[in-house]
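Content type CSV, C-alpha atoms and all ligand atoms, from the file final.csv:
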```
chain,number,residue,atom,x,y,z
A,1,MET,CA,7.4,-20.6,24.0
A,2,ARG,CA,5.0,-19.6,21.3
A,3,ASP,CA,4.9,-21.7,18.2
A,4,SER,CA,2.5,-19.9,15.8
A,5,PHE,CA,2.8,-16.4,14.4
A,6,ARG,CA,1.1,-14.0,12.0
A,7,LEU,CA,3.5,-12.2,9.7
A,8,LEU,CA,2.8,-9.4,7.3
A,9,LEU,CA,5.0,-9.5,4.2
A,10,LEU,CA,5.5,-6.3,2.2
A,11,PRO,CA,7.7,-7.2,-0.8
A,12,GLY,CA,7.6,-3.7,-2.3
A,13,ASP,CA,9.5,-2.7,-5.4
A,14,GLY,CA,12.4,-3.8,-7.6
A,15,ILE,CA,14.3,-6.7,-6.1
A,16,GLY,CA,12.0,-6.5,-3.0
A,17,PRO,CA,9.7,-9.3,-4.2
A,18,GLU,CA,12.7,-11.5,-5.2
A,19,VAL,CA,14.4,-11.3,-1.8
A,20,VAL,CA,11.2,-11.5,0.3
A,21,GLY,CA,10.3,-14.6,-1.8
A,22,ALA,CA,13.6,-16.1,-0.9
A,23,ALA,CA,13.2,-15.2,2.8
A,24,ARG,CA,9.7,-16.7,2.8
A,25,ARG,CA,11.1,-20.0,1.5
A,26,VAL,CA,13.6,-20.0,4.3
A,27,LEU,CA,10.9,-19.2,6.8
A,28,ASP,CA,8.8,-22.0,5.5
A,29,ARG,CA,11.7,-24.4,5.8
A,30,ALA,CA,12.5,-23.2,9.3
A,31,ALA,CA,8.8,-23.5,10.3
A,32,GLU,CA,8.7,-27.1,9.1
A,33,HIS,CA,11.9,-27.9,10.9
A,34,PHE,CA,10.9,-26.5,14.2
A,35,GLY,CA,7.2,-27.4,14.1
A,36,ILE,CA,6.1,-23.7,14.0
A,37,GLY,CA,2.9,-22.4,12.3
A,38,LEU,CA,3.4,-19.3,10.2
A,39,GLU,CA,0.4,-17.4,8.8
A,40,TYR,CA,1.2,-14.9,6.1
A,41,GLU,CA,-0.6,-11.9,4.8
A,42,GLU,CA,1.0,-10.1,1.8
A,43,ARG,CA,0.3,-6.5,0.8
A,44,GLY,CA,1.8,-3.8,-1.3
A,45,ILE,CA,4.0,-0.9,-0.3
A,46,GLY,CA,6.0,1.7,-2.2
A,47,GLY,CA,5.6,2.1,-6.0
A,48,THR,CA,3.6,-1.1,-6.1
A,49,ALA,CA,1.1,0.3,-3.7
A,50,ILE,CA,0.9,3.7,-5.6
A,51,ARG,CA,0.0,1.8,-8.7
A,52,ARG,CA,-2.5,-0.6,-7.1
A,53,GLU,CA,-4.0,1.5,-4.3
A,54,GLY,CA,-3.1,5.1,-5.2
A,55,ALA,CA,-0.9,5.7,-2.1
A,56,PRO,CA,2.6,4.4,-1.1
A,57,VAL,CA,1.0,2.7,1.9
A,58,SER,CA,-2.7,2.4,2.5
A,59,ASP,CA,-4.5,2.7,5.9
A,60,GLU,CA,-5.5,-0.9,5.6
A,61,THR,CA,-1.8,-1.9,5.3
A,62,LEU,CA,-0.8,0.2,8.3
A,63,GLU,CA,-3.6,-1.5,10.3
A,64,ALA,CA,-2.5,-5.0,9.1
A,65,ALA,CA,1.1,-4.1,10.2
A,66,LYS,CA,-0.1,-3.1,13.7
A,67,ALA,CA,-2.1,-6.3,14.0
A,68,ALA,CA,0.7,-8.6,12.9
A,69,ASP,CA,3.3,-10.3,15.2
A,70,ALA,CA,6.0,-8.9,12.9
A,71,VAL,CA,6.5,-7.3,9.5
A,72,LEU,CA,9.0,-8.3,6.8
A,73,LEU,CA,9.7,-5.8,4.2
A,74,GLY,CA,11.7,-6.1,0.9
A,75,ALA,CA,12.5,-2.6,-0.4
A,76,VAL,CA,10.7,0.5,-1.8
A,77,GLY,CA,11.8,2.7,-4.6
A,78,ASP,CA,10.9,3.0,-8.3
A,79,PRO,CA,12.6,5.3,-10.8
A,80,GLU,CA,9.2,6.0,-12.3
A,81,PHE,CA,8.1,8.0,-9.2
A,82,GLU,CA,11.4,9.8,-8.6
A,83,GLY,CA,11.0,13.5,-7.9
A,84,GLY,CA,7.2,13.4,-7.9
A,85,SER,CA,5.1,14.5,-5.0
A,86,VAL,CA,3.9,11.0,-4.2
A,87,ARG,CA,7.0,8.8,-3.7
A,88,PRO,CA,7.4,5.1,-2.8
A,89,GLU,CA,9.8,6.0,0.1
A,90,GLN,CA,7.0,7.9,1.9
A,91,GLY,CA,5.3,4.5,2.4
A,92,LEU,CA,8.2,3.2,4.4
A,93,LEU,CA,8.5,6.3,6.5
A,94,ALA,CA,4.8,6.2,7.3
A,95,LEU,CA,5.1,2.6,8.2
A,96,ARG,CA,8.0,3.3,10.6
A,97,THR,CA,6.0,6.1,12.2
A,98,ALA,CA,2.8,4.0,12.5
A,99,LEU,CA,4.7,1.2,14.3
A,100,GLY,CA,6.7,3.6,16.3
A,101,THR,CA,9.9,1.9,15.4
A,102,PHE,CA,12.4,4.4,16.8
A,103,ALA,CA,15.4,2.1,17.1
A,104,ASN,CA,16.9,0.5,14.0
A,105,LEU,CA,19.4,-2.2,14.7
A,106,ARG,CA,21.9,-3.0,11.9
A,107,PRO,CA,24.5,-5.6,12.8
A,108,VAL,CA,27.6,-5.7,10.7
A,109,THR,CA,30.1,-8.6,10.9
A,110,ALA,CA,33.0,-9.5,8.6
A,111,ILE,CA,32.3,-13.0,7.3
A,112,PRO,CA,35.4,-15.1,7.1
A,113,ALA,CA,34.3,-16.7,3.8
A,114,LEU,CA,33.8,-13.3,2.2
A,115,ILE,CA,37.0,-11.6,3.3
A,116,PRO,CA,39.1,-12.6,0.3
A,117,SER,CA,36.6,-11.0,-2.1
A,118,SER,CA,36.4,-7.7,-0.1
A,119,THR,CA,37.7,-4.4,-1.4
A,120,LEU,CA,39.3,-3.9,2.0
A,121,LYS,CA,42.4,-5.6,3.4
A,122,GLU,CA,42.1,-8.7,5.4
A,123,GLU,CA,43.9,-7.3,8.5
A,124,VAL,CA,41.3,-4.4,8.6
A,125,LEU,CA,38.4,-6.8,8.4
A,126,ARG,CA,39.4,-9.6,10.8
A,127,GLY,CA,37.1,-9.7,13.9
A,128,VAL,CA,34.8,-6.9,12.8
A,129,ASP,CA,31.6,-7.2,14.8
A,130,LEU,CA,29.6,-4.0,15.4
A,131,LEU,CA,26.0,-3.0,15.8
A,132,ILE,CA,24.7,0.3,14.4
A,133,VAL,CA,21.8,1.6,16.4
A,134,ARG,CA,20.2,4.2,14.2
A,135,GLU,CA,17.4,6.6,15.5
A,136,LEU,CA,14.6,6.0,13.0
A,137,THR,CA,11.6,8.2,13.5
A,138,GLY,CA,13.0,11.6,14.1
A,139,GLY,CA,15.5,14.2,12.8
A,140,LEU,CA,15.7,15.6,9.3
A,141,TYR,CA,13.5,12.9,7.8
A,142,PHE,CA,10.5,14.0,9.8
A,143,GLY,CA,11.0,17.7,10.4
A,144,GLU,CA,8.9,20.3,8.7
A,145,LYS,CA,9.7,20.6,5.0
A,146,GLU,CA,9.5,23.5,2.6
A,147,GLU,CA,9.5,22.2,-1.0
A,148,ALA,CA,11.1,24.3,-3.7
A,149,GLY,CA,8.2,23.5,-6.1
A,150,GLU,CA,8.4,23.9,-9.8
A,151,SER,CA,9.8,27.4,-10.0
A,152,GLY,CA,11.0,27.8,-6.4
A,153,ASP,CA,14.6,28.5,-5.6
A,154,ARG,CA,14.6,27.6,-1.9
A,155,ALA,CA,13.8,24.5,0.0
A,156,SER,CA,14.4,23.5,3.6
A,157,ASP,CA,14.2,20.4,6.0
A,158,LEU,CA,14.0,21.0,9.7
A,159,CYS,CA,16.1,18.8,12.0
A,160,ALA,CA,14.6,18.6,15.5
A,161,TYR,CA,15.2,16.1,18.3
A,162,THR,CA,13.6,16.1,21.8
A,163,ARG,CA,15.3,14.8,24.9
A,164,GLY,CA,12.9,11.9,25.1
A,165,GLU,CA,13.7,10.8,21.6
A,166,VAL,CA,17.4,10.6,22.4
A,167,VAL,CA,16.9,8.9,25.7
A,168,ARG,CA,14.8,6.0,24.4
A,169,VAL,CA,17.1,5.1,21.5
A,170,ALA,CA,20.2,5.6,23.7
A,171,ARG,CA,18.9,3.1,26.2
A,172,VAL,CA,18.5,0.5,23.4
A,173,ALA,CA,22.2,1.1,22.5
A,174,PHE,CA,23.4,0.8,26.1
A,175,GLU,CA,21.4,-2.3,26.7
A,176,ALA,CA,22.7,-3.9,23.5
A,177,ALA,CA,26.3,-3.0,24.6
A,178,GLN,CA,25.7,-4.7,28.0
A,179,ARG,CA,25.0,-8.0,26.1
A,180,ARG,CA,28.1,-7.4,23.8
A,181,LYS,CA,31.5,-5.8,24.5
A,182,GLY,CA,30.2,-3.0,26.7
A,183,PHE,CA,31.3,-0.1,24.5
A,184,VAL,CA,29.1,2.6,22.9
A,185,THR,CA,30.4,5.1,20.4
A,186,SER,CA,27.9,7.9,20.0
A,187,VAL,CA,28.2,9.7,16.7
A,188,ASP,CA,27.1,13.3,16.2
A,189,LYS,CA,28.1,16.7,14.7
A,190,ALA,CA,28.2,18.6,18.0
A,191,ASN,CA,30.8,21.1,16.7
A,192,VAL,CA,28.2,22.5,14.3
A,193,LEU,CA,24.6,21.3,15.0
A,194,ALA,CA,22.4,22.2,18.0
A,195,THR,CA,20.5,18.9,17.8
A,196,SER,CA,23.9,17.1,18.1
A,197,ARG,CA,24.8,19.1,21.2
A,198,LEU,CA,21.5,18.0,22.8
A,199,TRP,CA,22.2,14.5,21.5
A,200,ARG,CA,25.7,14.4,23.1
A,201,ARG,CA,24.5,15.8,26.5
A,202,VAL,CA,21.6,13.4,26.7
A,203,VAL,CA,23.6,10.4,25.7
A,204,GLY,CA,26.1,11.3,28.4
A,205,GLU,CA,23.3,11.4,31.0
A,206,VAL,CA,21.9,8.1,29.9
A,207,ALA,CA,25.5,6.6,30.1
A,208,GLU,CA,25.4,7.3,33.8
A,209,GLU,CA,22.6,4.7,34.2
A,210,TYR,CA,25.0,2.1,32.7
A,211,PRO,CA,28.3,2.2,34.7
A,212,ASP,CA,29.3,-1.2,33.2
A,213,VAL,CA,29.3,0.3,29.7
A,214,SER,CA,32.0,2.7,28.4
A,215,VAL,CA,31.0,5.5,26.1
A,216,GLU,CA,32.9,7.8,23.7
A,217,HIS,CA,31.6,10.6,21.5
A,218,VAL,CA,32.9,10.9,17.9
A,219,LEU,CA,32.1,13.4,15.2
A,220,VAL,CA,30.4,11.9,12.2
A,221,ASP,CA,33.0,12.9,9.7
A,222,ALA,CA,35.7,11.2,11.8
A,223,ALA,CA,33.5,8.2,12.4
A,224,ALA,CA,33.1,7.7,8.6
A,225,MET,CA,36.9,7.6,8.4
A,226,TYR,CA,37.4,5.2,11.4
A,227,LEU,CA,34.8,2.8,10.0
A,228,ILE,CA,37.2,2.1,7.1
A,229,ARG,CA,40.5,2.6,8.9
A,230,ASP,CA,39.8,0.5,11.9
A,231,PRO,CA,36.3,-0.9,12.0
A,232,GLY,CA,37.3,-3.4,14.7
A,233,ARG,CA,37.5,-0.6,17.3
A,234,PHE,CA,33.7,-0.3,17.3
A,235,ASP,CA,31.1,-2.3,19.4
A,236,VAL,CA,27.8,-0.3,19.4
A,237,LEU,CA,27.6,2.7,17.1
A,238,LEU,CA,24.7,5.0,18.2
A,239,THR,CA,23.6,7.8,16.0
A,240,GLU,CA,20.7,9.9,14.7
A,241,ASN,CA,18.6,9.1,11.6
A,242,LEU,CA,20.5,10.6,8.7
A,243,PHE,CA,24.0,9.8,9.9
A,244,GLY,CA,22.9,6.3,10.6
A,245,ASP,CA,21.5,5.9,7.1
A,246,ILE,CA,24.8,7.0,5.5
A,247,LEU,CA,27.2,5.2,7.9
A,248,SER,CA,25.3,1.9,7.4
A,249,ASP,CA,25.7,1.9,3.6
A,250,GLU,CA,29.4,2.5,4.2
A,251,ALA,CA,29.5,-0.3,6.8
A,252,ALA,CA,27.9,-2.6,4.3
A,253,MET,CA,31.3,-2.8,2.6
A,254,LEU,CA,32.7,-4.5,5.7
A,255,PRO,CA,30.9,-7.8,5.0
A,256,GLY,CA,31.3,-6.9,1.3
A,257,SER,CA,28.0,-5.9,-0.1
A,258,MET,CA,24.7,-4.0,0.5
A,259,GLY,CA,23.2,-7.4,-0.1
A,260,MET,CA,24.5,-8.7,3.3
A,261,LEU,CA,23.1,-6.2,5.8
A,262,PRO,CA,19.9,-7.1,7.7
A,263,SER,CA,18.0,-4.9,10.1
A,264,ALA,CA,15.4,-4.8,12.8
A,265,SER,CA,13.3,-1.7,13.5
A,266,LEU,CA,11.9,-1.8,17.0
A,267,GLY,CA,9.5,0.3,19.0
A,268,GLU,CA,8.0,0.0,22.5
A,269,PRO,CA,8.0,-3.6,23.9
A,270,GLY,CA,5.0,-5.6,22.7
A,271,ARG,CA,4.6,-3.7,19.4
A,272,PRO,CA,5.4,-5.5,16.1
A,273,GLY,CA,8.9,-5.1,14.8
A,274,LEU,CA,9.7,-4.2,11.2
A,275,TYR,CA,12.4,-6.3,9.6
A,276,GLU,CA,14.0,-5.0,6.4
A,277,PRO,CA,17.3,-5.5,4.5
A,278,VAL,CA,19.4,-2.3,4.6
A,279,HIS,CA,19.6,-2.2,0.8
A,280,GLY,CA,17.2,-0.6,-1.6
A,281,SER,CA,15.1,-1.8,-4.5
A,282,ALA,CA,18.2,-2.1,-6.8
A,283,PRO,CA,16.4,-1.2,-10.0
A,284,ASP,CA,19.6,-1.9,-12.0
A,285,ILE,CA,19.4,-5.7,-11.3
A,286,ALA,CA,15.6,-6.2,-10.6
A,287,GLY,CA,14.1,-9.1,-12.4
A,288,THR,CA,17.4,-10.7,-13.5
A,289,GLY,CA,17.5,-13.3,-10.7
A,290,VAL,CA,20.9,-12.2,-9.4
A,291,ALA,CA,19.8,-10.3,-6.2
A,292,ASN,CA,21.6,-11.3,-3.1
A,293,PRO,CA,18.9,-12.7,-0.7
A,294,TYR,CA,21.1,-13.0,2.4
A,295,ALA,CA,20.2,-9.6,3.9
A,296,ALA,CA,16.4,-10.4,3.7
A,297,ILE,CA,17.0,-14.0,5.0
A,298,LEU,CA,19.1,-12.6,7.9
A,299,SER,CA,16.4,-10.0,8.6
A,300,ALA,CA,13.9,-12.9,8.9
A,301,ALA,CA,16.4,-14.5,11.4
A,302,MET,CA,16.5,-11.3,13.4
A,303,MET,CA,12.6,-11.4,13.5
A,304,PHE,CA,12.7,-14.7,15.4
A,305,ARG,CA,15.1,-13.3,17.9
A,306,HIS,CA,13.6,-9.8,18.5
A,307,SER,CA,9.9,-10.2,17.9
A,308,LEU,CA,9.0,-13.8,18.1
A,309,GLY,CA,11.0,-15.0,21.1
A,310,ARG,CA,12.6,-17.8,19.2
A,311,PRO,CA,16.4,-17.2,19.2
A,312,ASP,CA,16.8,-21.0,18.5
A,313,VAL,CA,15.2,-20.5,15.1
A,314,SER,CA,17.4,-17.3,14.4
A,315,GLY,CA,20.5,-19.3,15.3
A,316,ALA,CA,19.6,-22.1,12.9
A,317,ILE,CA,19.0,-19.7,10.0
A,318,GLU,CA,22.2,-17.8,10.7
A,319,ARG,CA,24.2,-21.0,10.9
A,320,ALA,CA,22.7,-22.2,7.6
A,321,VAL,CA,23.7,-18.9,6.0
A,322,SER,CA,27.3,-19.2,7.2
A,323,THR,CA,27.5,-22.8,6.0
A,324,ALA,CA,26.1,-21.8,2.5
A,325,LEU,CA,28.5,-18.9,2.3
A,326,GLY,CA,31.4,-21.1,3.4
A,327,ALA,CA,30.4,-23.6,0.6
A,328,GLY,CA,30.7,-20.9,-2.0
A,329,PHE,CA,27.0,-19.9,-2.4
A,330,SER,CA,27.4,-16.3,-3.2
A,331,THR,CA,25.9,-13.9,-5.7
A,332,GLY,CA,27.6,-11.5,-8.2
A,333,ASP,CA,27.8,-8.6,-5.8
A,334,LEU,CA,30.1,-10.7,-3.6
A,335,GLY,CA,32.1,-11.9,-6.6
A,336,GLY,CA,30.2,-15.2,-6.8
A,337,SER,CA,28.3,-16.7,-9.6
A,338,LYS,CA,25.1,-18.1,-8.0
A,339,GLY,CA,21.7,-16.7,-8.5
A,340,THR,CA,19.0,-15.8,-5.9
A,341,GLU,CA,17.3,-19.2,-6.2
A,342,GLU,CA,20.5,-21.3,-5.9
A,343,VAL,CA,21.6,-19.4,-2.8
A,344,THR,CA,18.1,-19.8,-1.2
A,345,ASP,CA,18.1,-23.5,-2.0
A,346,ALA,CA,21.4,-23.9,-0.3
A,347,VAL,CA,20.2,-22.1,2.9
A,348,CYS,CA,17.1,-24.3,2.9
A,349,ARG,CA,19.1,-27.4,2.4
A,350,TRP,CA,21.5,-26.7,5.3
A,351,MET,CA,18.7,-25.8,7.6
A,352,ALA,CA,17.1,-29.1,6.9
A,353,ALA,CA,20.5,-30.7,7.8
A,354,GLY,CA,19.7,-29.6,11.4
A,355,GLU,CA,22.4,-27.6,13.0
A,356,GLY,CA,23.5,-26.0,9.7
A,357,VAL,CA,26.0,-28.8,9.0
A,358,ALA,CA,25.9,-30.4,5.6
B,401,LIG,P1,20.3,0.2,-3.6
B,401,LIG,O1,20.6,-0.3,-2.3
B,401,LIG,O2,19.0,-0.2,-4.2
B,401,LIG,O3,21.4,-0.2,-4.7
B,401,LIG,C1,22.8,0.3,-4.5
B,401,LIG,C2,23.7,-0.7,-5.3
B,401,LIG,O4,23.8,-2.0,-4.6
B,401,LIG,C3,23.2,-1.1,-6.7
B,401,LIG,O5,24.3,-1.3,-7.6
B,401,LIG,C4,22.5,-2.4,-6.5
B,401,LIG,O6,22.4,-3.3,-7.6
B,401,LIG,C5,23.3,-3.0,-5.3
B,401,LIG,N1,22.5,-3.9,-4.5
B,401,LIG,C6,21.6,-3.5,-3.5
B,401,LIG,N2,21.0,-4.5,-2.9
B,401,LIG,C7,21.5,-5.6,-3.6
B,401,LIG,C8,21.3,-7.0,-3.4
B,401,LIG,N3,20.4,-7.5,-2.5
B,401,LIG,N4,22.0,-7.9,-4.2
B,401,LIG,C9,22.9,-7.4,-5.1
B,401,LIG,N5,23.1,-6.1,-5.3
B,401,LIG,C10,22.5,-5.2,-4.5
B,401,LIG,O7,20.4,1.8,-3.6
B,401,LIG,P2,20.0,2.9,-4.7
B,401,LIG,O8,20.4,2.4,-6.0
B,401,LIG,O9,20.7,4.1,-4.2
B,401,LIG,O10,18.5,3.1,-4.5
B,401,LIG,C11,17.5,2.5,-5.3
B,401,LIG,C12,16.1,2.7,-4.8
B,401,LIG,O11,16.0,2.0,-3.5
B,401,LIG,C13,15.8,4.2,-4.5
B,401,LIG,O12,14.5,4.5,-4.9
B,401,LIG,C14,15.9,4.3,-3.0
B,401,LIG,O13,15.1,5.3,-2.4
B,401,LIG,C15,15.5,2.9,-2.6
B,401,LIG,N6,16.0,2.5,-1.2
B,401,LIG,C16,15.1,1.8,-0.5
B,401,LIG,C17,15.5,1.2,0.7
B,401,LIG,C18,14.5,0.5,1.6
B,401,LIG,O14,13.4,0.1,1.1
B,401,LIG,N7,14.8,0.1,2.8
B,401,LIG,C19,16.8,1.4,1.1
B,401,LIG,C20,17.7,2.1,0.3
B,401,LIG,C21,17.3,2.6,-0.9
B,402,LIG,C1,17.1,2.8,4.5
B,402,LIG,C2,16.6,3.6,3.3
B,402,LIG,C3,15.5,4.5,3.6
B,402,LIG,C4,16.0,5.5,4.7
B,402,LIG,C5,14.8,5.2,2.5
B,402,LIG,C6,14.3,4.3,1.4
B,402,LIG,C7,13.6,6.1,3.0
B,402,LIG,O1,17.7,4.3,2.7
B,402,LIG,O2,16.3,2.1,5.1
B,402,LIG,O3,18.3,2.9,4.8
B,402,LIG,O4,16.7,6.5,4.3
B,402,LIG,O5,15.8,5.3,5.9
B,403,MN,MN,19.6,3.8,3.5
```
Would you give me this structure, written as structure tokens?
Amino acid sequence: MRDSFRLLLLPGDGIGPEVVGAARRVLDRAAEHFGIGLEYEERGIGGTAIRREGAPVSDETLEAAKAADAVLLGAVGDPEFEGGSVRPEQGLLALRTALGTFANLRPVTAIPALIPSSTLKEEVLRGVDLLIVRELTGGLYFGEKEEAGESGDRASDLCAYTRGEVVRVARVAFEAAQRRKGFVTSVDKANVLATSRLWRRVVGEVAEEYPDVSVEHVLVDAAAMYLIRDPGRFDVLLTENLFGDILSDEAAMLPGSMGMLPSASLGEPGRPGLYEPVHGSAPDIAGTGVANPYAAILSAAMMFRHSLGRPDVSGAIERAVSTALGAGFSTGDLGGSKGTEEVTDAVCRWMAAGEGVA
């Protein structure tokens, strides 16, 4: 069991530095509690990097990411750069490409303490526990682009997938299902899109390697509806890049807020993973001290499980989060009244209490 790690922190824009700062405090507390050594390097990404280094992610930052044991990112996105040709989001896409993080894991669970404040009915939410496996380095995001330009009246984005790209992310989903309830729902738009027909056929072939896992294929429009009507029916939801982006923001309303969803972006074994909350830079609340830090803290917990081989530390952070939520430590987006700092203090306190019990 390793006990010392090198982490790259990329706080980014908007509330990114606030939630990464919170996660770092929890990491420090966990390191102290478990006798682990953490060495941090902090660099810019997104709008912050455009201002400081002239590009949304510099080559040095990409090299630092490749050399780290894992990378923890806050968020990118700054209204100042919207619509320009150099945009903060390009930094995140370049980072995902550089690390080859083709599989993005976004776990979604309904948290008992938050159910009463949800916009959805309690009977719909009880027992919800699903995992979105989103393809992260292909599809429309990375296809050839034709920009409309200043006076242009046409633009295009190419959506392309290869068999190999589908196989590798499908295997991640089936392997996750083997450790869970053994059920994969593959989401596509095979009634319209050629890439989706390839997707459906290849997922079907990969499914044959996993006879212990059941598979169903659902069209993305219907999947969006089932996610609200009966989210408890899902175990692992496997989908391509853009559909996964959209469905995961919808799924964020199952735990109750964008501020609750963590994620792990993983590539080939042995390469550093990228850990990022699903939410964005939330410019509307940046700098006011009310950002929900749980998604970033839970992303740090995922890092210990998926990249650092320390599921014991992940479990301790996750239990401390549940205890803090159960004790009423929630931010405004969840209907609570605590600030980022108070919530973070509570998580640190309950981690110090050992097994997350006050
Ligand atoms: P957003 O996720 O930033 O915000 C959507 C809504 O959720 C806002 O009302 C915001 O206040 C709220 N919210 C989000 N995270 C929260 C948190 N932790 N605590 C409390 N409330 C929270 O999405 P948006 O407004 O559509 O996008 C803003 C910028 O973020 C854009 O530039 C976008 O490109 C970028 N973005 C970045 C990432 C990323 O870095 N991974 C993800 C999504 C969006
Ligand atoms: C996410 C974000 C990113 C995406 C943006 C900021 C490029 O929305 O991580 O969900 O679309 O992948
Ligand atoms: Mn998104």
- All residues 12 Å or closer to Leu325 in chain A, all atoms listed in the file, same chain fewer than 4 positions away omitted, as a PyMOL selection string: chain A and resi 111-115+255+260+292-294+318-321+329-331+334-336+338+342-344+346-347+350+356
- Item | Contacts with ligand LIG 402 (chain B) at most 10 Å, only C-alpha atoms and all ligand atoms counted, listed as a PyMOL selection string | chain A and resi 46+75-77+87-94+96+104+106+134-137+141+241-249+263+265+276-281
- Query: For ligand MN 403 (chain B), which residue out of A:Val172, A:Ala296, A:Ala252, A:Val192 is the nearest one, using only C-alpha atoms and all ligand atoms?
  - Reply: A:Ala252
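When CA of Pro211 in chain A is paired with CA of Leu238 in chain A, their separation reads 17.1 Å.
With CA of Arg6 in chain A on one side and CA of Asp345 in chain A on the other, the separation reads 24.0 Å.
Each of A:Leu298, A:Ala324, A:Leu227, A:Ala352 was checked against ligand LIG 401 (chain B) using only C-alpha atoms and all ligand atoms; the smallest atom-to-atom distance is that of A:Leu298.
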- Query: Which residue, A:Glu250, A:Asp312, A:Asp284, A:Asp221, has the smallest gap to ligand MN 403 (chain B) when you use all atoms listed in the file?
  - Reply: A:Glu250
- Message: Need the shell around His306 in chain A: protein/DNA/RNA residues with any atom at most 9 Å away, counting all atoms listed in the file. Skip same-chain ones fewer than 3 positions apart. Format as a PyMOL selection string?
- Response: chain A and resi 264+266+273+301-303+309-311
Since the input is missing atoms, can you rebuild N, CA and C atoms for range 318-335 of chain A and write them as a compact mmCIF listing (two decimals), in the coordinates of the input?
```txt
# COMPACT_ATOMS: atom_id res chain seq x y z
N GLU A 318 20.88 -18.44 10.85
CA GLU A 318 22.20 -17.80 10.70
C GLU A 318 23.29 -18.83 10.46
N ARG A 319 23.19 -19.99 11.10
CA ARG A 319 24.20 -21.00 10.90
C ARG A 319 24.08 -21.58 9.44
N ALA A 320 22.85 -21.73 8.98
CA ALA A 320 22.70 -22.20 7.60
C ALA A 320 23.23 -21.24 6.59
N VAL A 321 23.09 -19.94 6.89
CA VAL A 321 23.70 -18.90 6.00
C VAL A 321 25.18 -19.01 6.00
N SER A 322 25.79 -19.13 7.19
CA SER A 322 27.30 -19.20 7.20
C SER A 322 27.75 -20.44 6.48
N THR A 323 27.03 -21.55 6.64
CA THR A 323 27.50 -22.80 6.00
C THR A 323 27.34 -22.60 4.44
N ALA A 324 26.24 -22.00 3.99
CA ALA A 324 26.10 -21.80 2.50
C ALA A 324 27.16 -20.88 1.99
N LEU A 325 27.48 -19.82 2.74
CA LEU A 325 28.50 -18.90 2.30
C LEU A 325 29.88 -19.62 2.24
N GLY A 326 30.14 -20.41 3.29
CA GLY A 326 31.40 -21.10 3.40
C GLY A 326 31.54 -22.14 2.23
N ALA A 327 30.39 -22.63 1.73
CA ALA A 327 30.40 -23.60 0.60
C ALA A 327 30.41 -22.92 -0.73
N GLY A 328 30.54 -21.59 -0.73
CA GLY A 328 30.70 -20.90 -2.00
C GLY A 328 29.38 -20.41 -2.63
N PHE A 329 28.30 -20.44 -1.86
CA PHE A 329 27.00 -19.90 -2.40
C PHE A 329 26.95 -18.44 -2.26
N SER A 330 27.48 -17.71 -3.25
CA SER A 330 27.40 -16.30 -3.20
C SER A 330 27.03 -15.69 -4.56
N THR A 331 26.37 -14.54 -4.51
CA THR A 331 25.90 -13.90 -5.70
C THR A 331 26.95 -12.94 -6.30
N GLY A 332 26.65 -12.36 -7.44
CA GLY A 332 27.60 -11.50 -8.20
C GLY A 332 28.15 -10.34 -7.40
N ASP A 333 27.30 -9.72 -6.57
CA ASP A 333 27.80 -8.60 -5.80
C ASP A 333 28.89 -8.93 -4.84
N LEU A 334 29.01 -10.23 -4.52
CA LEU A 334 30.10 -10.70 -3.60
C LEU A 334 31.19 -11.35 -4.41
N GLY A 335 31.11 -11.25 -5.72
CA GLY A 335 32.10 -11.90 -6.60
C GLY A 335 31.81 -13.32 -6.90
```
